[in-house]
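So this one's model_23.tsv, TSV, C-alpha atoms:
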```
chain	number	residue	atom	x	y	z
A	3	MET	CA	179.03	-119.96	117.74
A	4	ALA	CA	176.82	-121.95	119.96
A	5	LEU	CA	173.39	-123.00	118.91
A	6	ILE	CA	170.55	-122.22	121.21
A	7	ASN	CA	168.97	-125.41	122.41
A	8	VAL	CA	165.49	-125.37	120.90
A	9	ASN	CA	163.04	-127.64	119.16
A	10	PRO	CA	163.27	-127.24	115.41
A	11	THR	CA	159.68	-126.24	114.83
A	12	ARG	CA	158.12	-123.53	112.77
A	13	MET	CA	156.69	-121.85	115.86
A	14	GLU	CA	160.07	-121.73	117.51
A	15	MET	CA	161.55	-120.19	114.41
A	16	THR	CA	158.95	-117.42	114.38
A	17	ARG	CA	159.72	-116.72	118.01
A	18	LEU	CA	163.45	-116.56	117.36
A	19	LYS	CA	162.97	-114.30	114.39
A	20	LYS	CA	161.04	-111.92	116.58
A	21	ARG	CA	163.83	-112.01	119.14
A	22	LEU	CA	166.41	-111.36	116.46
A	23	ALA	CA	164.52	-108.32	115.27
A	24	THR	CA	164.37	-106.96	118.82
A	25	SER	CA	168.05	-107.65	119.36
A	26	ILE	CA	169.04	-105.83	116.23
A	27	ARG	CA	166.92	-102.87	117.18
A	28	GLY	CA	168.35	-102.84	120.70
A	29	HIS	CA	171.84	-103.10	119.36
A	30	LYS	CA	171.33	-100.10	117.15
A	31	LEU	CA	169.86	-98.04	119.95
A	32	LEU	CA	172.58	-98.97	122.41
A	33	LYS	CA	175.22	-98.16	119.85
A	34	ASP	CA	173.74	-94.73	119.38
A	35	LYS	CA	173.63	-94.28	123.12
A	36	ARG	CA	177.24	-95.28	123.45
A	37	ASP	CA	178.38	-92.90	120.75
A	38	ASP	CA	176.50	-90.01	122.21
A	39	LEU	CA	177.71	-90.72	125.73
A	40	MET	CA	181.22	-90.88	124.40
A	41	LYS	CA	180.87	-87.48	122.80
A	42	LYS	CA	179.61	-85.96	126.03
A	43	PHE	CA	182.25	-87.76	128.03
A	44	LEU	CA	185.13	-86.49	125.93
A	45	ASP	CA	184.01	-82.90	126.31
A	46	LEU	CA	183.60	-83.39	130.02
A	47	VAL	CA	186.84	-85.16	130.63
A	48	ARG	CA	188.83	-82.57	128.73
A	49	LYS	CA	187.41	-79.89	130.96
A	50	ASN	CA	188.00	-82.15	133.92
A	51	LYS	CA	191.66	-82.43	133.15
A	52	GLU	CA	192.18	-78.72	132.70
A	53	LEU	CA	190.25	-77.86	135.81
A	54	ARG	CA	192.04	-80.40	137.92
A	55	GLU	CA	195.43	-79.16	136.88
A	56	GLN	CA	194.38	-75.63	137.64
A	57	VAL	CA	192.85	-76.47	141.01
A	58	GLU	CA	195.79	-78.56	142.09
A	59	LYS	CA	198.12	-75.70	141.32
A	60	GLU	CA	195.94	-73.24	143.18
A	61	ILE	CA	195.68	-75.46	146.21
A	62	SER	CA	199.42	-75.97	146.29
A	63	ASP	CA	199.82	-72.20	146.27
A	64	ILE	CA	197.40	-71.95	149.14
A	65	TYR	CA	199.40	-74.44	151.17
A	66	GLY	CA	202.47	-72.37	150.47
A	67	GLY	CA	200.65	-69.33	151.82
A	68	PHE	CA	199.59	-71.16	154.94
A	69	VAL	CA	203.08	-72.39	155.56
A	70	VAL	CA	204.33	-68.83	155.51
A	71	ALA	CA	201.47	-67.74	157.73
A	72	SER	CA	202.16	-70.44	160.23
A	73	ALA	CA	205.82	-69.53	160.21
A	74	VAL	CA	205.02	-65.96	161.13
A	75	MET	CA	202.38	-66.83	163.69
A	76	SER	CA	202.38	-69.44	166.38
A	77	PRO	CA	200.41	-72.57	165.50
A	78	GLN	CA	198.05	-72.01	168.39
A	79	MET	CA	197.30	-68.55	167.15
A	80	LEU	CA	196.69	-69.82	163.64
A	81	GLU	CA	194.33	-72.46	164.81
A	82	GLU	CA	192.51	-70.10	167.05
A	83	ALA	CA	192.11	-67.59	164.26
A	84	LEU	CA	190.49	-70.16	161.99
A	85	MET	CA	188.52	-71.95	164.65
A	86	LEU	CA	185.24	-70.13	164.20
A	87	PRO	CA	184.48	-69.43	160.56
A	88	LYS	CA	182.16	-66.57	159.78
A	89	GLN	CA	180.99	-68.07	156.58
A	90	SER	CA	179.08	-71.26	156.32
A	91	ILE	CA	178.39	-73.02	153.10
A	92	ASP	CA	175.45	-75.09	152.05
A	93	LEU	CA	175.35	-77.15	148.96
A	94	GLU	CA	172.32	-77.36	146.77
A	95	VAL	CA	172.40	-80.75	145.12
A	96	GLY	CA	170.35	-81.21	142.00
A	97	GLU	CA	170.23	-83.92	139.41
A	98	ARG	CA	170.89	-83.80	135.75
A	99	ASN	CA	170.06	-86.47	133.28
A	100	VAL	CA	172.67	-87.18	130.67
A	101	MET	CA	171.46	-89.98	128.40
A	102	SER	CA	169.70	-91.71	131.28
A	103	VAL	CA	172.68	-91.35	133.57
A	104	THR	CA	171.80	-89.35	136.63
A	105	VAL	CA	174.65	-87.04	137.46
A	106	PRO	CA	174.65	-84.56	140.31
A	107	SER	CA	174.78	-80.84	139.83
A	108	PHE	CA	176.12	-78.77	142.67
A	109	GLU	CA	175.42	-75.20	143.53
A	110	PHE	CA	176.68	-73.65	146.67
A	111	ILE	CA	174.90	-71.17	148.80
A	112	ALA	CA	177.18	-69.17	150.99
A	113	SER	CA	175.60	-67.63	154.00
A	114	GLU	CA	177.91	-64.77	154.59
A	115	ASN	CA	177.33	-61.24	155.64
A	116	SER	CA	179.23	-59.52	152.90
A	117	ASP	CA	181.81	-60.45	150.35
A	118	SER	CA	184.70	-58.68	151.94
A	119	ASP	CA	184.12	-59.96	155.41
A	120	ILE	CA	185.41	-63.51	155.39
A	121	TYR	CA	188.07	-63.04	158.02
A	122	SER	CA	186.99	-64.69	161.21
A	123	TYR	CA	189.60	-63.14	163.38
A	124	GLY	CA	190.87	-59.86	164.67
A	125	PHE	CA	193.80	-58.33	162.89
A	126	VAL	CA	195.86	-57.70	166.00
A	127	SER	CA	197.35	-61.10	166.57
A	128	THR	CA	197.34	-62.36	163.00
A	129	SER	CA	199.60	-61.72	160.08
A	130	GLY	CA	198.87	-60.40	156.63
A	131	GLU	CA	199.92	-63.67	155.06
A	132	LEU	CA	196.99	-65.37	156.67
A	133	ASP	CA	194.61	-62.84	155.14
A	134	ASP	CA	196.03	-63.56	151.72
A	135	SER	CA	195.71	-67.31	152.20
A	136	VAL	CA	192.13	-67.11	153.36
A	137	ALA	CA	191.25	-64.91	150.42
A	138	ALA	CA	192.95	-67.40	148.10
A	139	VAL	CA	190.91	-70.25	149.57
A	140	LYS	CA	187.78	-68.28	148.95
A	141	ASN	CA	188.80	-67.70	145.38
A	142	VAL	CA	189.47	-71.33	144.69
A	143	LEU	CA	186.07	-72.31	146.05
A	144	PRO	CA	184.01	-72.04	142.84
A	145	HIS	CA	186.65	-73.99	140.97
A	146	LEU	CA	186.63	-76.71	143.56
A	147	LEU	CA	182.89	-77.08	143.29
A	148	GLU	CA	182.96	-77.16	139.53
A	149	LEU	CA	185.70	-79.73	139.67
A	150	ALA	CA	183.67	-81.86	142.03
A	151	GLN	CA	180.67	-81.76	139.76
A	152	ILE	CA	182.56	-82.43	136.56
A	153	GLU	CA	184.73	-85.15	137.99
A	154	LYS	CA	181.79	-86.99	139.49
A	155	SER	CA	179.85	-86.71	136.25
A	156	ALA	CA	182.81	-87.92	134.21
A	157	GLN	CA	183.25	-90.85	136.54
A	158	MET	CA	179.63	-91.89	136.34
A	159	ILE	CA	179.46	-91.47	132.59
A	160	ALA	CA	182.64	-93.50	132.18
A	161	GLU	CA	181.01	-96.26	134.13
A	162	GLU	CA	177.87	-96.11	132.02
A	163	ILE	CA	179.88	-96.13	128.80
A	164	GLU	CA	181.67	-99.24	129.94
A	165	ARG	CA	178.41	-100.97	130.72
A	166	THR	CA	176.81	-99.89	127.46
A	167	ARG	CA	179.79	-101.02	125.46
A	168	ARG	CA	179.66	-104.42	127.07
A	169	ARG	CA	176.01	-104.72	126.16
A	170	VAL	CA	176.61	-103.62	122.60
A	171	ASN	CA	179.37	-106.15	122.21
A	172	ALA	CA	177.35	-108.93	123.78
A	173	LEU	CA	174.55	-108.27	121.35
A	174	GLU	CA	176.78	-107.83	118.35
A	175	TYR	CA	179.12	-110.75	118.84
A	176	VAL	CA	177.07	-113.27	120.81
A	177	GLN	CA	173.35	-112.75	120.86
A	178	ILE	CA	172.71	-111.80	117.25
A	179	PRO	CA	175.00	-114.42	115.61
A	180	ASP	CA	173.57	-117.09	117.92
A	181	LEU	CA	170.05	-116.23	116.93
A	182	GLN	CA	170.91	-116.08	113.26
A	183	GLU	CA	172.61	-119.43	113.39
A	184	THR	CA	169.79	-121.05	115.29
A	185	ILE	CA	167.24	-119.73	112.85
A	186	LYS	CA	169.31	-121.08	109.99
A	187	TYR	CA	169.57	-124.44	111.75
A	188	ILE	CA	165.83	-124.68	112.22
A	189	LYS	CA	165.22	-123.71	108.60
A	190	MET	CA	167.63	-126.40	107.41
A	191	LYS	CA	166.04	-128.95	109.65
A	192	LEU	CA	162.56	-128.10	108.45
A	193	ASP	CA	163.64	-128.21	104.81
A	194	GLU	CA	165.30	-131.54	105.39
A	195	ASN	CA	162.14	-132.90	106.92
A	196	GLU	CA	160.19	-131.62	103.96
A	197	ARG	CA	162.51	-133.37	101.50
A	198	GLY	CA	162.42	-136.52	103.57
A	199	ASN	CA	158.69	-136.45	103.51
A	200	LEU	CA	158.60	-135.89	99.76
A	201	ALA	CA	160.98	-138.75	99.13
A	202	ARG	CA	158.92	-141.03	101.29
A	203	LEU	CA	155.73	-140.08	99.45
A	204	MET	CA	157.38	-140.77	96.09
A	205	LYS	CA	158.62	-144.08	97.32
A	206	ILE	CA	155.19	-145.00	98.58
A	207	LYS	CA	153.65	-143.97	95.30
A	208	ASP	CA	156.12	-146.19	93.44
A	209	MET	CA	155.28	-149.07	95.69
A	210	MET	CA	151.57	-148.53	95.20
A	211	VAL	CA	151.96	-148.37	91.44
A	212	GLU	CA	153.98	-151.54	91.49
A	213	GLN	CA	151.39	-153.25	93.64
A	214	ALA	CA	148.64	-152.18	91.28
A	215	MET	CA	150.60	-153.50	88.28
A	216	GLU	CA	151.25	-156.74	90.08
A	217	ALA	CA	147.59	-157.13	90.86
A	218	LYS	CA	146.64	-156.39	87.27
A	219	ARG	CA	149.09	-158.93	85.89
A	220	GLN	CA	147.90	-161.54	88.31
A	221	ASN	CA	144.37	-160.79	87.27
A	222	SER	CA	145.13	-161.25	83.58
A	223	THR	CA	147.02	-164.55	84.11
A	224	ASN	CA	144.08	-165.75	86.10
A	225	THR	CA	141.71	-165.03	83.20
A	226	TYR	CA	144.00	-166.79	80.73
A	227	SER	CA	144.30	-169.93	82.83
A	228	SER	CA	140.61	-170.26	83.42
B	7	MET	CA	168.33	-80.96	148.40
B	8	ARG	CA	170.52	-79.17	150.89
B	9	LYS	CA	173.76	-80.84	151.69
B	10	LYS	CA	177.04	-80.01	153.31
B	11	ILE	CA	180.65	-80.07	152.19
B	12	ALA	CA	183.33	-81.85	154.16
B	13	VAL	CA	187.09	-81.86	154.00
B	14	VAL	CA	189.07	-84.80	155.34
B	15	GLY	CA	192.80	-85.00	155.82
B	16	ASP	CA	195.68	-84.20	158.09
B	17	LYS	CA	195.56	-81.08	160.16
B	18	GLY	CA	198.05	-79.02	158.21
B	19	SER	CA	196.25	-79.59	154.95
B	20	VAL	CA	192.65	-79.06	155.89
B	21	LEU	CA	192.86	-76.23	158.39
B	22	GLY	CA	192.74	-73.55	155.73
B	23	PHE	CA	189.43	-74.75	154.33
B	24	LYS	CA	187.72	-74.07	157.56
B	25	SER	CA	187.79	-70.35	156.92
B	26	VAL	CA	185.34	-70.59	154.03
B	27	GLY	CA	182.83	-72.70	155.86
B	28	PHE	CA	183.68	-76.25	154.88
B	29	GLU	CA	183.32	-78.76	157.64
B	30	VAL	CA	186.76	-79.96	158.49
B	31	PHE	CA	187.59	-83.40	159.81
B	32	MET	CA	191.11	-84.21	160.81
B	33	ALA	CA	192.25	-87.75	160.41
B	34	THR	CA	195.65	-89.21	159.78
B	35	THR	CA	195.69	-92.92	160.58
B	36	GLN	CA	193.85	-95.37	158.38
B	37	GLN	CA	191.44	-96.28	161.15
B	38	GLU	CA	190.59	-92.64	161.77
B	39	ILE	CA	190.04	-91.93	158.12
B	40	GLN	CA	187.84	-94.99	157.73
B	41	ASP	CA	185.71	-94.04	160.72
B	42	VAL	CA	185.34	-90.47	159.59
B	43	MET	CA	184.50	-91.44	156.03
B	44	HIS	CA	181.90	-93.95	157.11
B	45	THR	CA	180.10	-91.36	159.18
B	46	LEU	CA	180.38	-88.73	156.46
B	47	CYS	CA	179.13	-90.96	153.67
B	48	LYS	CA	176.07	-91.93	155.70
B	49	GLY	CA	175.58	-88.35	156.76
B	50	ASP	CA	174.28	-85.41	154.83
B	51	TYR	CA	177.28	-84.54	152.71
B	52	GLY	CA	177.20	-83.77	149.03
B	53	ILE	CA	180.90	-83.42	148.42
B	54	ILE	CA	183.76	-84.83	150.43
B	55	PHE	CA	187.14	-83.40	149.58
B	56	ILE	CA	189.87	-85.66	150.82
B	57	THR	CA	193.62	-85.29	150.68
B	58	GLU	CA	195.34	-87.69	148.33
B	59	GLN	CA	197.39	-89.03	151.20
B	60	ALA	CA	194.18	-90.11	152.90
B	61	TYR	CA	192.47	-91.08	149.64
B	62	VAL	CA	194.88	-93.91	148.95
B	63	GLN	CA	194.19	-95.50	152.30
B	64	ILE	CA	190.51	-96.15	151.79
B	65	PRO	CA	190.00	-97.66	148.33
B	66	GLU	CA	187.03	-99.78	149.47
B	67	ILE	CA	184.99	-96.82	150.57
B	68	ILE	CA	185.76	-94.94	147.39
B	69	ASP	CA	184.61	-97.88	145.30
B	70	GLU	CA	181.46	-98.20	147.31
B	71	TYR	CA	180.28	-94.71	146.46
B	72	LYS	CA	181.47	-94.61	142.89
B	73	GLU	CA	178.04	-95.37	141.52
B	74	SER	CA	175.92	-93.03	143.56
B	75	PRO	CA	175.57	-89.34	142.68
B	76	THR	CA	176.33	-88.22	146.23
B	77	PRO	CA	178.60	-88.04	148.03
B	78	ALA	CA	181.17	-87.12	145.44
B	79	ILE	CA	184.50	-88.06	146.92
B	80	ILE	CA	187.08	-85.81	145.31
B	81	PRO	CA	190.80	-86.10	146.00
B	82	ILE	CA	192.75	-82.88	146.49
B	83	PRO	CA	196.48	-82.57	146.98
B	84	GLY	CA	197.69	-82.56	150.56
B	85	LYS	CA	200.12	-80.11	152.04
B	86	ASP	CA	203.09	-82.27	151.04
B	87	GLY	CA	202.27	-81.81	147.41
B	88	SER	CA	200.28	-83.71	144.85
B	89	LEU	CA	200.71	-87.45	144.43
B	90	GLY	CA	199.16	-87.26	140.99
B	91	ILE	CA	196.22	-89.40	142.06
B	92	GLY	CA	193.59	-86.95	140.98
B	93	ILE	CA	194.91	-86.71	137.47
B	94	LYS	CA	195.51	-90.46	137.41
B	95	ASN	CA	191.82	-90.96	138.17
B	96	VAL	CA	190.85	-88.79	135.26
B	97	LYS	CA	193.14	-90.82	133.10
B	98	LYS	CA	191.68	-94.05	134.38
B	99	ASN	CA	188.19	-92.83	133.55
B	100	VAL	CA	189.27	-92.11	130.00
B	101	GLU	CA	190.84	-95.52	129.64
B	102	ARG	CA	187.74	-97.22	130.97
B	103	ALA	CA	185.39	-95.35	128.71
B	104	VAL	CA	187.38	-95.12	125.52
B	105	GLY	CA	189.53	-98.19	125.86
B	106	ALA	CA	192.71	-96.25	125.22
B	107	ASP	CA	194.31	-93.18	126.65
B	108	ILE	CA	193.68	-90.36	124.22
B	109	LEU	CA	194.03	-87.31	126.41
B	110	PHE	CA	197.43	-87.78	127.96
B	111	ASN	CA	199.33	-88.86	124.94
B	112	GLU	CA	201.59	-85.87	125.03
B	113	ASP	CA	203.26	-86.86	128.29
```
Taking this structure as input, can you express it in the form of structure tokens?
Amino acid sequence: MALINVNPTRMEMTRLKKRLATSIRGHKLLKDKRDDLMKKFLDLVRKNKELREQVEKEISDIYGGFVVASAVMSPQMLEEALMLPKQSIDLEVGERNVMSVTVPSFEFIASENSDSDIYSYGFVSTSGELDDSVAAVKNVLPHLLELAQIEKSAQMIAEEIERTRRRVNALEYVQIPDLQETIKYIKMKLDENERGNLARLMKIKDMMVEQAMEAKRQNSTNTYSS
Amino acid sequence: MRKKIAVVGDKGSVLGFKSVGFEVFMATTQQEIQDVMHTLCKGDYGIIFITEQAYVQIPEIIDEYKESPTPAIIPIPGKDGSLGIGIKNVKKNVERAVGADILFNED
């Protein structure tokens, strides 16, 4: 682990300790966030998978229906029949907040006259297969919308989980050990200084005592000689 | 917020969706799809359903709108059958989030 480049002072150590406390707190929170997101995501993605399989099957069936319809009718006729839809659809887009991820919620508002009347063509020149296909498309509509909502949400949550996990790991394996090590380094350095200081003081004291003794001895020899 | 729903793809695939009131855009070549998608993404569309055949041709645009809530660009199978891209995306999401594939183990 790399040390953070700081001055080994007491003030710096206090600052780092504060940062370490914040990092640990953040790490815990982010971890909780990640776990909760994961729980939500797994529910969502399971539904996503089921729904997608279902919708894909339904859509394939619809294509089959249209193929039959276009085989019975001429392509021009088919196109003409579908050219002017009776129904128009608006989408009400809302927002939902899932653990601070903003995911869309869709609701569709169909402006149609009545439920049964979705056929935008006369029945003279069209075939019954077309009716079936159009009805099938109408039936698959709610599923399609749900799929859109769930898939988008799952995608966004997956992205958020990835980001959160990276943050958690960065804190856990880089930031927090770095801080801990730096704090330890500063503590060692300060202790070392303290010991150095103590040793120096003792040494000085010894020297002073020696000097005093020397002076005393000199003094006494002086008195004897005189 | 009121938005619209668009369907993009080749003519045979998307024609049917017109009957329920989706806005249908026909595009087959890469250039066409790109142009259409650029206009749609800037426009007032909440969901863009796009055939898988077209979906694979415009990865840059898909990536660009991955982060924003709308438009949701959702692949649907085209008339020539599913390429498995939709389900592969779901799988990719799981792998990104969980780190391992835990949903599709059975196959």
Per residue of chain A within 8 Å of chain B, what are the shortest atom pair and its distance in Å to one decimal, counting all atoms listed in the file, with rows by chain and residue number, as JSON lines?
```
{"residue": "A:Met40", "atom": "CA", "partner": "B:Ala103", "partner_atom": "CA", "distance": 7.5}
{"residue": "A:Val47", "atom": "CA", "partner": "B:Val96", "partner_atom": "CA", "distance": 7.1}
{"residue": "A:Arg48", "atom": "CA", "partner": "B:Leu109", "partner_atom": "CA", "distance": 7.4}
{"residue": "A:Asn50", "atom": "CA", "partner": "B:Val96", "partner_atom": "CA", "distance": 7.3}
{"residue": "A:Lys51", "atom": "CA", "partner": "B:Val96", "partner_atom": "CA", "distance": 6.7}
{"residue": "A:Arg54", "atom": "CA", "partner": "B:Ile93", "partner_atom": "CA", "distance": 6.9}
{"residue": "A:Glu55", "atom": "CA", "partner": "B:Ile93", "partner_atom": "CA", "distance": 7.6}
{"residue": "A:Glu58", "atom": "CA", "partner": "B:Pro83", "partner_atom": "CA", "distance": 6.4}
{"residue": "A:Ile61", "atom": "CA", "partner": "B:Pro83", "partner_atom": "CA", "distance": 7.2}
{"residue": "A:Ser62", "atom": "CA", "partner": "B:Gly87", "partner_atom": "CA", "distance": 6.6}
{"residue": "A:Tyr65", "atom": "CA", "partner": "B:Lys85", "partner_atom": "CA", "distance": 5.8}
{"residue": "A:Phe68", "atom": "CA", "partner": "B:Gly22", "partner_atom": "CA", "distance": 7.3}
{"residue": "A:Glu81", "atom": "CA", "partner": "B:Leu21", "partner_atom": "CA", "distance": 7.6}
{"residue": "A:Leu84", "atom": "CA", "partner": "B:Ser25", "partner_atom": "CA", "distance": 5.7}
{"residue": "A:Met85", "atom": "CA", "partner": "B:Lys24", "partner_atom": "CA", "distance": 7.4}
{"residue": "A:Leu86", "atom": "CA", "partner": "B:Ser25", "partner_atom": "CA", "distance": 7.7}
{"residue": "A:Pro87", "atom": "CA", "partner": "B:Ser25", "partner_atom": "CA", "distance": 5.0}
{"residue": "A:Lys88", "atom": "CA", "partner": "B:Gly27", "partner_atom": "CA", "distance": 7.3}
{"residue": "A:Gln89", "atom": "CA", "partner": "B:Gly27", "partner_atom": "CA", "distance": 5.0}
{"residue": "A:Ser90", "atom": "CA", "partner": "B:Gly27", "partner_atom": "CA", "distance": 4.0}
{"residue": "A:Ile91", "atom": "CA", "partner": "B:Gly27", "partner_atom": "CA", "distance": 5.2}
{"residue": "A:Asp92", "atom": "CA", "partner": "B:Lys10", "partner_atom": "CA", "distance": 5.3}
{"residue": "A:Leu93", "atom": "CA", "partner": "B:Lys9", "partner_atom": "CA", "distance": 4.9}
{"residue": "A:Glu94", "atom": "CA", "partner": "B:Arg8", "partner_atom": "CA", "distance": 4.8}
{"residue": "A:Val95", "atom": "CA", "partner": "B:Met7", "partner_atom": "CA", "distance": 5.2}
{"residue": "A:Gly96", "atom": "CA", "partner": "B:Met7", "partner_atom": "CA", "distance": 6.7}
{"residue": "A:Thr104", "atom": "CA", "partner": "B:Pro75", "partner_atom": "CA", "distance": 7.1}
{"residue": "A:Val105", "atom": "CA", "partner": "B:Pro75", "partner_atom": "CA", "distance": 5.8}
{"residue": "A:Pro106", "atom": "CA", "partner": "B:Pro75", "partner_atom": "CA", "distance": 5.4}
{"residue": "A:Ile120", "atom": "CA", "partner": "B:Val26", "partner_atom": "CA", "distance": 7.2}
{"residue": "A:Tyr121", "atom": "CA", "partner": "B:Ser25", "partner_atom": "CA", "distance": 7.4}
{"residue": "A:Ser122", "atom": "CA", "partner": "B:Ser25", "partner_atom": "CA", "distance": 7.1}
{"residue": "A:Ser135", "atom": "CA", "partner": "B:Gly22", "partner_atom": "CA", "distance": 7.8}
{"residue": "A:Val136", "atom": "CA", "partner": "B:Ser25", "partner_atom": "CA", "distance": 6.5}
{"residue": "A:Val139", "atom": "CA", "partner": "B:Phe23", "partner_atom": "CA", "distance": 6.7}
{"residue": "A:Lys140", "atom": "CA", "partner": "B:Val26", "partner_atom": "CA", "distance": 6.1}
{"residue": "A:Ala150", "atom": "CA", "partner": "B:Ile80", "partner_atom": "CA", "distance": 6.2}
{"residue": "A:Gln151", "atom": "CA", "partner": "B:Ala78", "partner_atom": "CA", "distance": 7.8}
{"residue": "A:Glu153", "atom": "CA", "partner": "B:Val96", "partner_atom": "CA", "distance": 7.6}
{"residue": "A:Lys154", "atom": "CA", "partner": "B:Ala78", "partner_atom": "CA", "distance": 6.0}
{"residue": "A:Ala156", "atom": "CA", "partner": "B:Asn99", "partner_atom": "CA", "distance": 7.3}
{"residue": "A:Gln157", "atom": "CA", "partner": "B:Asn99", "partner_atom": "CA", "distance": 6.1}
{"residue": "A:Met158", "atom": "CA", "partner": "B:Glu73", "partner_atom": "CA", "distance": 6.4}
{"residue": "A:Ala160", "atom": "CA", "partner": "B:Ala103", "partner_atom": "CA", "distance": 4.8}
{"residue": "A:Glu161", "atom": "CA", "partner": "B:Ala103", "partner_atom": "CA", "distance": 7.0}
{"residue": "A:Ile163", "atom": "CA", "partner": "B:Ala103", "partner_atom": "CA", "distance": 5.6}
{"residue": "A:Glu164", "atom": "CA", "partner": "B:Ala103", "partner_atom": "CA", "distance": 5.5}
```
Legend entry - Minimum-distance residue to Arg12 (chain A), chosen among A:Lys42, A:Lys191, A:His145, A:Arg197 (using all atoms listed in the file):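 Under the stated criterion, the closest residue is A:Lys191.
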Legend entry - Nearest candidate to Glu58 (chain B) (options B:Val30, B:Met43, B:Tyr71, B:Leu89; using all atoms listed in the file):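 When distances to Glu58 (chain B) are compared using all atoms listed in the file, the smallest one comes from B:Leu89.
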Inset, instruction - Tell me which protein, DNA and RNA residues are within 12 Å of Ile39 (chain B), counting only C-alpha atoms, leaving out same-chain ones fewer than 2 positions away, and put them as a ChimeraX atom specification. - result: /B:13-16,31-37,41-47,56-65,67-68
Please write the residues from the selection above to a file, keeping C-alpha atoms, as a tab-separated table (two decimals), keeping the file's coordinate frame.
```tsv
chain	number	residue	atom	x	y	z
B	13	VAL	CA	187.09	-81.86	154.00
B	14	VAL	CA	189.07	-84.80	155.34
B	15	GLY	CA	192.80	-85.00	155.82
B	16	ASP	CA	195.68	-84.20	158.09
B	31	PHE	CA	187.59	-83.40	159.81
B	32	MET	CA	191.11	-84.21	160.81
B	33	ALA	CA	192.25	-87.75	160.41
B	34	THR	CA	195.65	-89.21	159.78
B	35	THR	CA	195.69	-92.92	160.58
B	36	GLN	CA	193.85	-95.37	158.38
B	37	GLN	CA	191.44	-96.28	161.15
B	41	ASP	CA	185.71	-94.04	160.72
B	42	VAL	CA	185.34	-90.47	159.59
B	43	MET	CA	184.50	-91.44	156.03
B	44	HIS	CA	181.90	-93.95	157.11
B	45	THR	CA	180.10	-91.36	159.18
B	46	LEU	CA	180.38	-88.73	156.46
B	47	CYS	CA	179.13	-90.96	153.67
B	56	ILE	CA	189.87	-85.66	150.82
B	57	THR	CA	193.62	-85.29	150.68
B	58	GLU	CA	195.34	-87.69	148.33
B	59	GLN	CA	197.39	-89.03	151.20
B	60	ALA	CA	194.18	-90.11	152.90
B	61	TYR	CA	192.47	-91.08	149.64
B	62	VAL	CA	194.88	-93.91	148.95
B	63	GLN	CA	194.19	-95.50	152.30
B	64	ILE	CA	190.51	-96.15	151.79
B	65	PRO	CA	190.00	-97.66	148.33
B	67	ILE	CA	184.99	-96.82	150.57
B	68	ILE	CA	185.76	-94.94	147.39
```
Legend entry - Gap from CA of Pro144 (chain A) to CA of Phe43 (chain A) - Å, one decimal: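 It comes out at 21.7 Å.
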